[in-house]
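Accompanying notes for the structure given below.
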Amino acid sequence: MGIFTKDIHTMDDLFVHQLKDVYYAEHRIAKALPKMIAKATSPALRQAFEAHLAETETQIGRLDEAFGKLGIKAESVTCQAIDGIIKEAEEVAGEVDDKAVLDAGLLAAAQAVEHYEIARYGTLVAWAKRLGKHDVLPLFEKSLAEEKATDAKLSDIAGGEVNRKAA
Ligand code: FE
Ligand code: FE
Ligand code: FE
């Protein structure tokens, strides 16, 4: 279902659509991260990916909880944005043979993912507040904080080690 279909009439519909989009994206990320862990060489980068895989599983659980609290069946709508970001990451990873450069590419791809998630959870937080959905709001706030912390951690790893070794 595209975002400009006739299935979305109200702000509530749009909110639910966004929730299903993020649900799709988190599952897609949970599938992609093990491949990124396998390809990463930097121990710090690997460790960050491993930690975030565990967080991603928790975030999927929070989305399940949100669907439950809203009384909606947990389901996905295809997020073409995350499909595109991950496809791009896989293409770059497939073309780089230098391990240090590959780490820099994987790290950059991961940050693109985090920025997408920050945008989406930021919107869910704002809409949940506006629509008075206070029981699900903390769930989105927790995940938003984790995505931001992961992005900051990745920036530290890029600045501290990965980009220096690659350059
Ligand atoms: Fe996430
Ligand atoms: Fe999306
Ligand atoms: Fe994330």
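Chains: A, B, ... in order of the structure tokens. Residues: from 1 per chain. Ligands: from 1, in order shown.
Every protein, DNA or RNA residue with an atom at most 8 Å from range 87-89 of chain A, where only C-alpha atoms count and chain neighbours fewer than 4 positions away do not, is listed here: Asp83, Ala93, Gly105, Leu106 and Ala109 of chain A.
Neighbours of ligand 3 at a cut-off of 10 Å, computed so that only C-alpha atoms and all ligand atoms are counted, are the residues Ala25, Glu26, Ile29, Ala30, Leu33, Phe49, His52, Leu53, Glu55, Thr56, Gln59, Ala110, Gln111, Ala112, Val113, Glu114, His115, Tyr116, Glu117, Ile118, Ser143, Leu144, Ala145, Glu146, Glu147, Lys148, Ala149, Thr150 and Asp151 of chain A.
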At most 10 Å is the cut-off: for each residue in chain A with any atom that close to an atom of ligand 2, write down the nearest atom pair and the distance in Å rounded to one decimal, counting only C-alpha atoms and all ligand atoms, chain first then increasing number, as CSV.
```
residue,atom,partner,partner_atom_place_in_ligand_line,distance
A:Gly2,CA,ligand 2,1 (Fe),9.9
A:Ile3,CA,ligand 2,1 (Fe),9.1
A:His17,CA,ligand 2,1 (Fe),9.4
A:Gln18,CA,ligand 2,1 (Fe),7.3
A:Leu19,CA,ligand 2,1 (Fe),9.3
A:Lys20,CA,ligand 2,1 (Fe),8.8
A:Asp21,CA,ligand 2,1 (Fe),5.0
A:Val22,CA,ligand 2,1 (Fe),6.4
A:Tyr23,CA,ligand 2,1 (Fe),9.3
A:Tyr24,CA,ligand 2,1 (Fe),8.1
A:Ala25,CA,ligand 2,1 (Fe),6.9
A:Val77,CA,ligand 2,1 (Fe),8.4
A:Thr78,CA,ligand 2,1 (Fe),7.3
A:Cys79,CA,ligand 2,1 (Fe),3.9
A:Gln80,CA,ligand 2,1 (Fe),6.0
A:Ala81,CA,ligand 2,1 (Fe),5.1
A:Ile82,CA,ligand 2,1 (Fe),6.3
A:Asp83,CA,ligand 2,1 (Fe),8.7
A:Gly84,CA,ligand 2,1 (Fe),10.0
A:Tyr116,CA,ligand 2,1 (Fe),8.1
A:Glu117,CA,ligand 2,1 (Fe),8.8
A:Ala119,CA,ligand 2,1 (Fe),9.8
A:Arg120,CA,ligand 2,1 (Fe),7.6
```
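Of the residues listed (A:Leu63, A:Ala167, A:Ala104, A:Val162), A:Leu63 shows the shortest atom-to-atom separation from Glu141 in chain A; distances use only C-alpha atoms.
Proximity ranking of A:Pro34, A:Ile85, A:Ala66, A:Tyr121 relative to ligand 1 places A:Tyr121 first, based on only C-alpha atoms and all ligand atoms.
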*With only C-alpha atoms as the basis for distance, which of A:Gly160, A:Leu107, A:Asp135, A:Trp127 is at the shortest distance from Leu45 in chain A?*
A:Leu107
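In this model, the gap between CA of Thr10 in chain A and CA of Arg62 in chain A comes to 24.0 Å.
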*Residues within 9 Å of Ala166 in chain A, only C-alpha atoms, excluding chain neighbours under 5 positions, as a count of residues only*: 8
